[in-house]
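What follows is the content of entry-v4.cif, which has mmCIF, C-alpha atoms:
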data_structure
#
loop_
_atom_site.label_atom_id
_atom_site.label_comp_id
_atom_site.auth_asym_id
_atom_site.auth_seq_id
_atom_site.Cartn_x
_atom_site.Cartn_y
_atom_site.Cartn_z
CA MET A 23 10.92 -33.66 -179.00
CA PRO A 24 14.09 -33.40 -176.91
CA LEU A 25 14.84 -36.32 -174.64
CA PRO A 26 17.22 -34.97 -171.99
CA PHE A 27 17.69 -38.36 -170.35
CA LEU A 28 18.93 -39.88 -173.61
CA THR A 29 21.82 -37.55 -174.36
CA ALA A 30 24.31 -35.88 -172.14
CA ASP A 31 24.61 -32.13 -172.21
CA ARG A 32 26.62 -30.91 -175.17
CA ALA A 33 28.33 -28.46 -172.83
CA PHE A 34 30.43 -31.28 -171.38
CA GLU A 35 31.90 -32.05 -174.79
CA ALA A 36 31.95 -28.56 -176.27
CA ALA A 37 34.00 -26.73 -173.67
CA ASP A 38 37.35 -28.46 -173.36
CA ASP A 39 39.09 -25.45 -171.84
CA VAL A 40 36.68 -25.24 -168.90
CA PRO A 41 36.96 -28.24 -166.52
CA LEU A 42 33.34 -28.11 -165.33
CA PRO A 43 31.07 -26.53 -167.95
CA HIS A 44 27.63 -25.99 -166.48
CA ASP A 45 24.98 -23.28 -166.62
CA ASP A 46 22.71 -24.31 -163.79
CA ARG A 47 24.52 -26.06 -160.95
CA ASP A 48 21.31 -27.28 -159.30
CA ARG A 49 20.09 -29.18 -162.37
CA TRP A 50 20.78 -32.92 -162.29
CA ARG A 51 22.80 -33.98 -165.33
CA ARG A 52 24.62 -37.06 -166.50
CA PRO A 53 28.15 -36.08 -167.60
CA TYR A 54 28.33 -38.80 -170.27
CA ARG A 55 26.19 -40.34 -172.95
CA PRO A 56 24.48 -43.68 -172.43
CA GLY A 57 26.43 -46.47 -174.06
CA PRO A 58 25.40 -48.55 -177.07
CA TRP A 59 24.56 -51.61 -174.96
CA ARG A 60 22.11 -49.63 -172.82
CA VAL A 61 20.53 -47.85 -175.79
CA GLY A 62 20.32 -51.11 -177.74
CA ALA A 63 18.60 -52.93 -174.90
CA ALA A 64 16.11 -50.07 -174.50
CA ALA A 65 15.46 -50.06 -178.25
CA LEU A 66 14.78 -53.79 -178.21
CA ALA A 67 12.37 -53.35 -175.28
CA LEU A 68 10.56 -50.59 -177.17
CA LEU A 69 10.41 -52.79 -180.28
CA LEU A 70 8.89 -55.58 -178.23
CA ALA A 71 6.45 -53.09 -176.72
CA SER A 72 5.32 -52.02 -180.19
CA PHE A 73 4.50 -55.63 -181.08
CA VAL A 74 2.63 -56.06 -177.80
CA LEU A 75 0.67 -52.85 -178.47
CA PHE A 76 -0.21 -54.15 -181.93
CA ALA A 77 -1.37 -57.39 -180.33
CA ALA A 78 -3.50 -55.38 -177.89
CA VAL A 79 -5.23 -53.64 -180.79
CA ILE A 80 -5.92 -56.98 -182.50
CA ILE A 81 -7.21 -58.50 -179.26
CA ALA A 82 -9.45 -55.47 -178.67
CA ALA A 83 -10.94 -55.87 -182.16
CA THR A 84 -11.51 -59.61 -181.95
CA ALA A 85 -11.82 -60.54 -178.29
CA SER A 86 -12.75 -58.95 -175.00
CA VAL A 87 -11.69 -55.49 -173.95
CA ALA A 88 -10.42 -56.84 -170.61
CA SER A 89 -7.91 -59.08 -172.38
CA ALA A 90 -6.78 -56.17 -174.54
CA GLY A 91 -6.38 -54.03 -171.41
CA ALA A 92 -4.15 -56.64 -169.80
CA VAL A 93 -1.94 -56.84 -172.89
CA PHE A 94 -1.90 -53.03 -173.09
CA GLY A 95 -0.73 -52.96 -169.45
CA ILE A 96 2.13 -55.32 -170.34
CA ALA A 97 3.15 -52.94 -173.13
CA LEU A 98 3.12 -50.00 -170.70
CA VAL A 99 5.37 -51.92 -168.30
CA LEU A 100 7.81 -52.64 -171.15
CA ILE A 101 7.87 -48.95 -172.13
CA GLY A 102 8.43 -47.93 -168.51
CA CYS A 103 11.30 -50.42 -168.17
CA ALA A 104 12.93 -49.11 -171.36
CA LEU A 105 12.72 -45.52 -170.14
CA ARG A 106 14.07 -46.43 -166.71
CA LEU A 107 16.94 -48.32 -168.35
CA LEU A 108 17.90 -45.13 -170.18
CA ARG A 109 17.94 -43.14 -166.91
CA VAL A 110 20.32 -45.55 -165.14
CA GLY A 111 23.72 -44.04 -164.37
CA VAL A 112 25.46 -41.37 -162.34
CA TRP A 113 24.01 -37.88 -162.20
CA VAL A 114 25.63 -34.81 -160.64
CA SER A 115 24.44 -31.39 -159.55
CA GLY A 116 25.40 -28.70 -157.09
CA ARG A 117 23.47 -30.58 -154.41
CA GLY A 118 25.24 -33.92 -154.67
CA LEU A 119 25.90 -37.11 -156.56
CA ARG A 120 23.04 -39.42 -157.54
CA HIS A 121 23.46 -43.06 -158.49
CA VAL A 122 20.37 -44.16 -160.39
CA GLY A 123 19.85 -47.91 -160.59
CA PHE A 124 17.11 -49.82 -162.36
CA LEU A 125 15.13 -50.43 -159.16
CA GLY A 126 16.40 -47.68 -156.87
CA THR A 127 18.20 -44.38 -156.56
CA ARG A 128 20.79 -43.33 -153.98
CA THR A 129 21.73 -39.68 -153.51
CA ALA A 130 24.78 -38.51 -151.59
CA PRO A 131 25.00 -34.80 -150.74
CA TRP A 132 28.46 -33.37 -151.37
CA GLU A 133 28.88 -32.88 -147.61
CA GLN A 134 28.82 -36.68 -147.18
CA VAL A 135 31.25 -37.41 -150.02
CA ALA A 136 34.80 -37.98 -148.77
CA ALA A 137 36.24 -39.02 -152.16
CA VAL A 138 35.35 -40.20 -155.61
CA ARG A 139 38.20 -42.12 -157.18
CA THR A 140 39.03 -44.64 -159.89
CA VAL A 141 40.34 -48.01 -158.70
CA GLN A 142 41.42 -51.28 -160.30
CA GLN A 143 39.20 -54.12 -159.13
CA PRO A 144 37.16 -57.06 -160.40
CA VAL A 145 34.04 -55.69 -162.10
CA ARG A 146 30.94 -57.33 -163.49
CA VAL A 147 30.45 -57.55 -167.25
CA LEU A 148 27.12 -55.88 -168.13
CA GLY A 149 25.91 -56.48 -164.58
CA LEU A 150 26.05 -60.26 -164.97
CA PRO A 151 27.72 -62.54 -162.38
CA ARG A 152 30.89 -62.95 -164.49
CA THR A 153 33.69 -60.67 -163.30
CA VAL A 154 36.82 -59.46 -165.04
CA GLN A 155 39.63 -57.13 -164.02
CA GLY A 156 38.72 -53.55 -164.83
CA GLN A 157 38.40 -50.04 -163.50
CA ALA A 158 35.59 -48.76 -161.33
CA LEU A 159 34.67 -45.30 -160.13
CA VAL A 160 33.87 -45.64 -156.42
CA LEU A 161 32.25 -43.29 -153.92
CA VAL A 162 33.70 -43.10 -150.41
CA ARG A 163 31.37 -41.43 -147.91
CA ARG A 164 32.46 -39.59 -144.80
CA GLY A 165 31.94 -41.47 -141.57
CA ARG A 166 31.39 -44.85 -143.24
CA ALA A 167 33.60 -47.91 -143.24
CA ALA A 168 35.62 -47.96 -146.45
CA ASP A 169 35.71 -51.75 -146.66
CA SER A 170 33.68 -52.01 -149.88
CA PRO A 171 32.59 -48.73 -151.43
CA PRO A 172 29.93 -49.13 -154.13
CA ALA A 173 31.02 -48.88 -157.77
CA LEU A 174 29.30 -46.00 -159.53
CA LEU A 175 30.68 -46.72 -163.00
CA THR A 176 32.80 -49.52 -164.40
CA THR A 177 34.69 -50.08 -167.62
CA HIS A 178 32.47 -53.10 -168.31
CA ASN A 179 28.97 -51.78 -167.61
CA ALA A 180 26.36 -51.07 -170.30
CA ASP A 181 27.62 -47.52 -170.81
CA PHE A 182 31.35 -48.12 -171.19
CA LEU A 183 31.92 -51.68 -172.45
CA GLY A 184 34.51 -51.26 -175.20
CA ARG A 185 34.69 -47.47 -174.66
CA SER A 186 37.56 -46.96 -172.21
CA GLU A 187 38.18 -43.36 -173.38
CA ALA A 188 34.56 -42.47 -172.59
CA PHE A 189 34.93 -44.05 -169.14
CA ASP A 190 38.06 -41.99 -168.47
CA ARG A 191 36.31 -38.75 -169.53
CA ALA A 192 33.23 -39.50 -167.42
CA ALA A 193 35.28 -40.52 -164.38
CA ASP A 194 37.44 -37.40 -164.65
CA THR A 195 34.37 -35.17 -164.90
CA ILE A 196 32.65 -36.77 -161.90
CA GLU A 197 35.88 -36.60 -159.88
CA ALA A 198 36.19 -32.90 -160.80
CA TRP A 199 32.63 -32.25 -159.62
CA ALA A 200 33.39 -34.01 -156.33
CA GLU A 201 36.64 -32.08 -155.90
CA GLU A 202 34.99 -28.72 -156.63
CA HIS A 203 32.04 -29.28 -154.32
CA GLY A 204 34.04 -31.08 -151.64
CA ARG A 205 36.11 -27.94 -151.05
CA GLY A 206 33.08 -25.67 -150.77
#

Translate the structure described by the file into structure tokens.
Amino acid sequence: MPLPFLTADRAFEAADDVPLPHDDRDRWRRPYRPGPWRVGAAALALLLASFVLFAAVIIAATASVASAGAVFGIALVLIGCALRLLRVGVWVSGRGLRHVGFLGTRTAPWEQVAAVRTVQQPVRVLGLPRTVQGQALVLVRRGRAADSPPALLTTHNADFLGRSEAFDRAADTIEAWAEEHGRG
């Protein structure tokens, strides 16, 4: 069963001679693969969910069905959180740029995007309060104050921690999408 949210399109890696390989421009796609920290955290959540599901089966066999239903609901929440964690990131299409967070999603049509650029700034390590000096891909919107543009990707988030080459490739691809669609 293919899981399109788990892997990036092979077209981004296969066609090095074409700067923006894409078949369907209106399809949302993530131009990079999720990093090992993100996949590992999702795998641990799914492992925990399997134990909770096993506990729900045991509770259903030995205790009340209502208790088993509550534990089953907890397992469903864990599975939903693991799947949402895998969808977190930056997605692009012909319509705009989408920044998917764990609790919310922000979409910026290309008409509102003034620039997407890589900057040196303090970034959070794996989203925790600790900050270190690193690179961030930021989105600058037209007509908005550029005092603190939000970081779309960083060199120290769950996708790119310890993978600076992957960050550079992803940032270059997203910047190329913004440049191509910003002109049109």

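Surrounding residues of (12.0, -53.9, -176.3) at most 9 Å away are Gly62, Ala63, Ala64, Ala65, Leu66, Ala67, Leu68, Leu69, Leu70, Ala71, Ser72, Leu100, Ile101, Cys103 and Ala104 of chain A (based on all atoms listed in the file).
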
Residues from last step as file, C-alpha atoms, as an mmCIF file, in the frame of the given file:
data_model
loop_
_atom_site.group_PDB
_atom_site.id
_atom_site.type_symbol
_atom_site.label_atom_id
_atom_site.label_comp_id
_atom_site.auth_asym_id
_atom_site.auth_seq_id
_atom_site.Cartn_x
_atom_site.Cartn_y
_atom_site.Cartn_z
ATOM 1 C CA GLY A 62 20.320 -51.110 -177.740
ATOM 2 C CA ALA A 63 18.600 -52.930 -174.900
ATOM 3 C CA ALA A 64 16.110 -50.070 -174.500
ATOM 4 C CA ALA A 65 15.460 -50.060 -178.250
ATOM 5 C CA LEU A 66 14.780 -53.790 -178.210
ATOM 6 C CA ALA A 67 12.370 -53.350 -175.280
ATOM 7 C CA LEU A 68 10.560 -50.590 -177.170
ATOM 8 C CA LEU A 69 10.410 -52.790 -180.280
ATOM 9 C CA LEU A 70 8.890 -55.580 -178.230
ATOM 10 C CA ALA A 71 6.450 -53.090 -176.720
ATOM 11 C CA SER A 72 5.320 -52.020 -180.190
ATOM 12 C CA LEU A 100 7.810 -52.640 -171.150
ATOM 13 C CA ILE A 101 7.870 -48.950 -172.130
ATOM 14 C CA CYS A 103 11.300 -50.420 -168.170
ATOM 15 C CA ALA A 104 12.930 -49.110 -171.360
#

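A straight line drawn from atom CA of A:Ala92 to atom CA of A:Leu108 is 24.9 Å long.
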
Expanded to explicit residues, what is the PyMOL selection byres ((chain A and resi 162) around 12) for this file, as a PyMOL selection string? chain A and resi 119+130+132-141+159-161+163-174+197+200

Calculate how many Å separate atom CA of A:His203 from atom CA of A:Pro131, rounding to one decimal. 9.6 Å

Would you mind listing what lies within 7 Å of A:Asp181 as a PDB file with C-alpha atoms, in the coordinates of the input, with only C-alpha atoms counted and same-chain residues fewer than 4 positions away left out?
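Now in result_17.pdb:
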ATOM      1  CA  PRO A  56      24.480 -43.680-172.430  1.00  0.00           C
ATOM      2  CA  GLY A  57      26.430 -46.470-174.060  1.00  0.00           C
ATOM      3  CA  PRO A  58      25.400 -48.550-177.070  1.00  0.00           C
ATOM      4  CA  TRP A  59      24.560 -51.610-174.960  1.00  0.00           C
ATOM      5  CA  ARG A  60      22.110 -49.630-172.820  1.00  0.00           C
TER       6      ARG A  60
END

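Contact shell of A:Ile196 at 8 Å (all atoms listed in the file; same-chain neighbours under 3 positions omitted): Pro53, Val114, Val138, Ala192, Ala193, Trp199 and Ala200 of chain A.
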
Would you work out the distance separating atom CA of A:Leu183 from atom CA of A:Arg128, expressed in Å to one decimal? 23.1 Å

Taking the partial coordinates given, rebuild stretch 69-80 of chain A to contain all heavy atoms; return it as a PDB file, in the frame of the given file.
ATOM      1  N   LEU A  69      10.874 -52.013-179.124  1.00  0.00           N
ATOM      2  CA  LEU A  69      10.410 -52.790-180.280  1.00  0.00           C
ATOM      3  C   LEU A  69       9.444 -53.875-179.846  1.00  0.00           C
ATOM      4  O   LEU A  69       8.380 -54.066-180.457  1.00  0.00           O
ATOM      5  CB  LEU A  69      11.608 -53.392-181.015  1.00  0.00           C
ATOM      6  CG  LEU A  69      11.283 -54.228-182.251  1.00  0.00           C
ATOM      7  CD1 LEU A  69      10.705 -53.340-183.343  1.00  0.00           C
ATOM      8  CD2 LEU A  69      12.525 -54.939-182.742  1.00  0.00           C
ATOM      9  N   LEU A  70       9.788 -54.568-178.774  1.00  0.00           N
ATOM     10  CA  LEU A  70       8.890 -55.580-178.230  1.00  0.00           C
ATOM     11  C   LEU A  70       7.576 -54.954-177.774  1.00  0.00           C
ATOM     12  O   LEU A  70       6.493 -55.511-178.000  1.00  0.00           O
ATOM     13  CB  LEU A  70       9.561 -56.323-177.079  1.00  0.00           C
ATOM     14  CG  LEU A  70       8.748 -57.416-176.405  1.00  0.00           C
ATOM     15  CD1 LEU A  70       8.374 -58.511-177.398  1.00  0.00           C
ATOM     16  CD2 LEU A  70       9.500 -57.994-175.231  1.00  0.00           C
ATOM     17  N   ALA A  71       7.658 -53.778-177.168  1.00  0.00           N
ATOM     18  CA  ALA A  71       6.450 -53.090-176.720  1.00  0.00           C
ATOM     19  C   ALA A  71       5.551 -52.715-177.898  1.00  0.00           C
ATOM     20  O   ALA A  71       4.325 -52.759-177.780  1.00  0.00           O
ATOM     21  CB  ALA A  71       6.818 -51.840-175.923  1.00  0.00           C
ATOM     22  N   SER A  72       6.146 -52.355-179.029  1.00  0.00           N
ATOM     23  CA  SER A  72       5.320 -52.020-180.190  1.00  0.00           C
ATOM     24  C   SER A  72       4.558 -53.238-180.702  1.00  0.00           C
ATOM     25  O   SER A  72       3.388 -53.135-181.080  1.00  0.00           O
ATOM     26  CB  SER A  72       6.178 -51.414-181.306  1.00  0.00           C
ATOM     27  OG  SER A  72       7.021 -52.392-181.882  1.00  0.00           O
ATOM     28  N   PHE A  73       5.199 -54.410-180.678  1.00  0.00           N
ATOM     29  CA  PHE A  73       4.500 -55.630-181.080  1.00  0.00           C
ATOM     30  C   PHE A  73       3.386 -55.977-180.095  1.00  0.00           C
ATOM     31  O   PHE A  73       2.303 -56.417-180.489  1.00  0.00           O
ATOM     32  CB  PHE A  73       5.482 -56.804-181.210  1.00  0.00           C
ATOM     33  CG  PHE A  73       6.346 -56.725-182.430  1.00  0.00           C
ATOM     34  CD1 PHE A  73       7.718 -56.658-182.304  1.00  0.00           C
ATOM     35  CD2 PHE A  73       5.794 -56.710-183.700  1.00  0.00           C
ATOM     36  CE1 PHE A  73       8.523 -56.588-183.421  1.00  0.00           C
ATOM     37  CE2 PHE A  73       6.587 -56.644-184.833  1.00  0.00           C
ATOM     38  CZ  PHE A  73       7.964 -56.575-184.685  1.00  0.00           C
ATOM     39  N   VAL A  74       3.647 -55.772-178.817  1.00  0.00           N
ATOM     40  CA  VAL A  74       2.630 -56.060-177.800  1.00  0.00           C
ATOM     41  C   VAL A  74       1.465 -55.083-177.941  1.00  0.00           C
ATOM     42  O   VAL A  74       0.299 -55.473-177.791  1.00  0.00           O
ATOM     43  CB  VAL A  74       3.260 -56.019-176.385  1.00  0.00           C
ATOM     44  CG1 VAL A  74       2.214 -56.136-175.308  1.00  0.00           C
ATOM     45  CG2 VAL A  74       4.292 -57.136-176.250  1.00  0.00           C
ATOM     46  N   LEU A  75       1.745 -53.825-178.240  1.00  0.00           N
ATOM     47  CA  LEU A  75       0.670 -52.850-178.470  1.00  0.00           C
ATOM     48  C   LEU A  75      -0.165 -53.232-179.697  1.00  0.00           C
ATOM     49  O   LEU A  75      -1.391 -53.105-179.686  1.00  0.00           O
ATOM     50  CB  LEU A  75       1.234 -51.445-178.651  1.00  0.00           C
ATOM     51  CG  LEU A  75       1.655 -50.726-177.393  1.00  0.00           C
ATOM     52  CD1 LEU A  75       2.386 -49.444-177.737  1.00  0.00           C
ATOM     53  CD2 LEU A  75       0.451 -50.430-176.525  1.00  0.00           C
ATOM     54  N   PHE A  76       0.513 -53.686-180.746  1.00  0.00           N
ATOM     55  CA  PHE A  76      -0.210 -54.150-181.930  1.00  0.00           C
ATOM     56  C   PHE A  76      -1.091 -55.347-181.595  1.00  0.00           C
ATOM     57  O   PHE A  76      -2.245 -55.438-182.046  1.00  0.00           O
ATOM     58  CB  PHE A  76       0.786 -54.490-183.041  1.00  0.00           C
ATOM     59  CG  PHE A  76       0.152 -54.856-184.337  1.00  0.00           C
ATOM     60  CD1 PHE A  76      -0.577 -53.926-185.067  1.00  0.00           C
ATOM     61  CD2 PHE A  76       0.281 -56.136-184.845  1.00  0.00           C
ATOM     62  CE1 PHE A  76      -1.165 -54.266-186.265  1.00  0.00           C
ATOM     63  CE2 PHE A  76      -0.306 -56.499-186.042  1.00  0.00           C
ATOM     64  CZ  PHE A  76      -1.028 -55.562-186.765  1.00  0.00           C
ATOM     65  N   ALA A  77      -0.573 -56.243-180.776  1.00  0.00           N
ATOM     66  CA  ALA A  77      -1.370 -57.390-180.330  1.00  0.00           C
ATOM     67  C   ALA A  77      -2.556 -56.937-179.502  1.00  0.00           C
ATOM     68  O   ALA A  77      -3.656 -57.511-179.615  1.00  0.00           O
ATOM     69  CB  ALA A  77      -0.504 -58.358-179.538  1.00  0.00           C
ATOM     70  N   ALA A  78      -2.384 -55.902-178.689  1.00  0.00           N
ATOM     71  CA  ALA A  78      -3.500 -55.380-177.890  1.00  0.00           C
ATOM     72  C   ALA A  78      -4.601 -54.832-178.770  1.00  0.00           C
ATOM     73  O   ALA A  78      -5.790 -55.018-178.481  1.00  0.00           O
ATOM     74  CB  ALA A  78      -2.993 -54.303-176.926  1.00  0.00           C
ATOM     75  N   VAL A  79      -4.225 -54.173-179.858  1.00  0.00           N
ATOM     76  CA  VAL A  79      -5.230 -53.640-180.790  1.00  0.00           C
ATOM     77  C   VAL A  79      -5.981 -54.792-181.457  1.00  0.00           C
ATOM     78  O   VAL A  79      -7.208 -54.753-181.587  1.00  0.00           O
ATOM     79  CB  VAL A  79      -4.566 -52.726-181.838  1.00  0.00           C
ATOM     80  CG1 VAL A  79      -5.533 -52.386-182.965  1.00  0.00           C
ATOM     81  CG2 VAL A  79      -4.033 -51.474-181.180  1.00  0.00           C
ATOM     82  N   ILE A  80      -5.271 -55.823-181.867  1.00  0.00           N
ATOM     83  CA  ILE A  80      -5.920 -56.980-182.500  1.00  0.00           C
ATOM     84  C   ILE A  80      -6.839 -57.686-181.505  1.00  0.00           C
ATOM     85  O   ILE A  80      -7.969 -58.069-181.839  1.00  0.00           O
ATOM     86  CB  ILE A  80      -4.862 -57.942-183.084  1.00  0.00           C
ATOM     87  CG1 ILE A  80      -4.160 -57.281-184.264  1.00  0.00           C
ATOM     88  CG2 ILE A  80      -5.492 -59.270-183.498  1.00  0.00           C
ATOM     89  CD1 ILE A  80      -3.009 -58.071-184.828  1.00  0.00           C
TER      90      ILE A  80
END
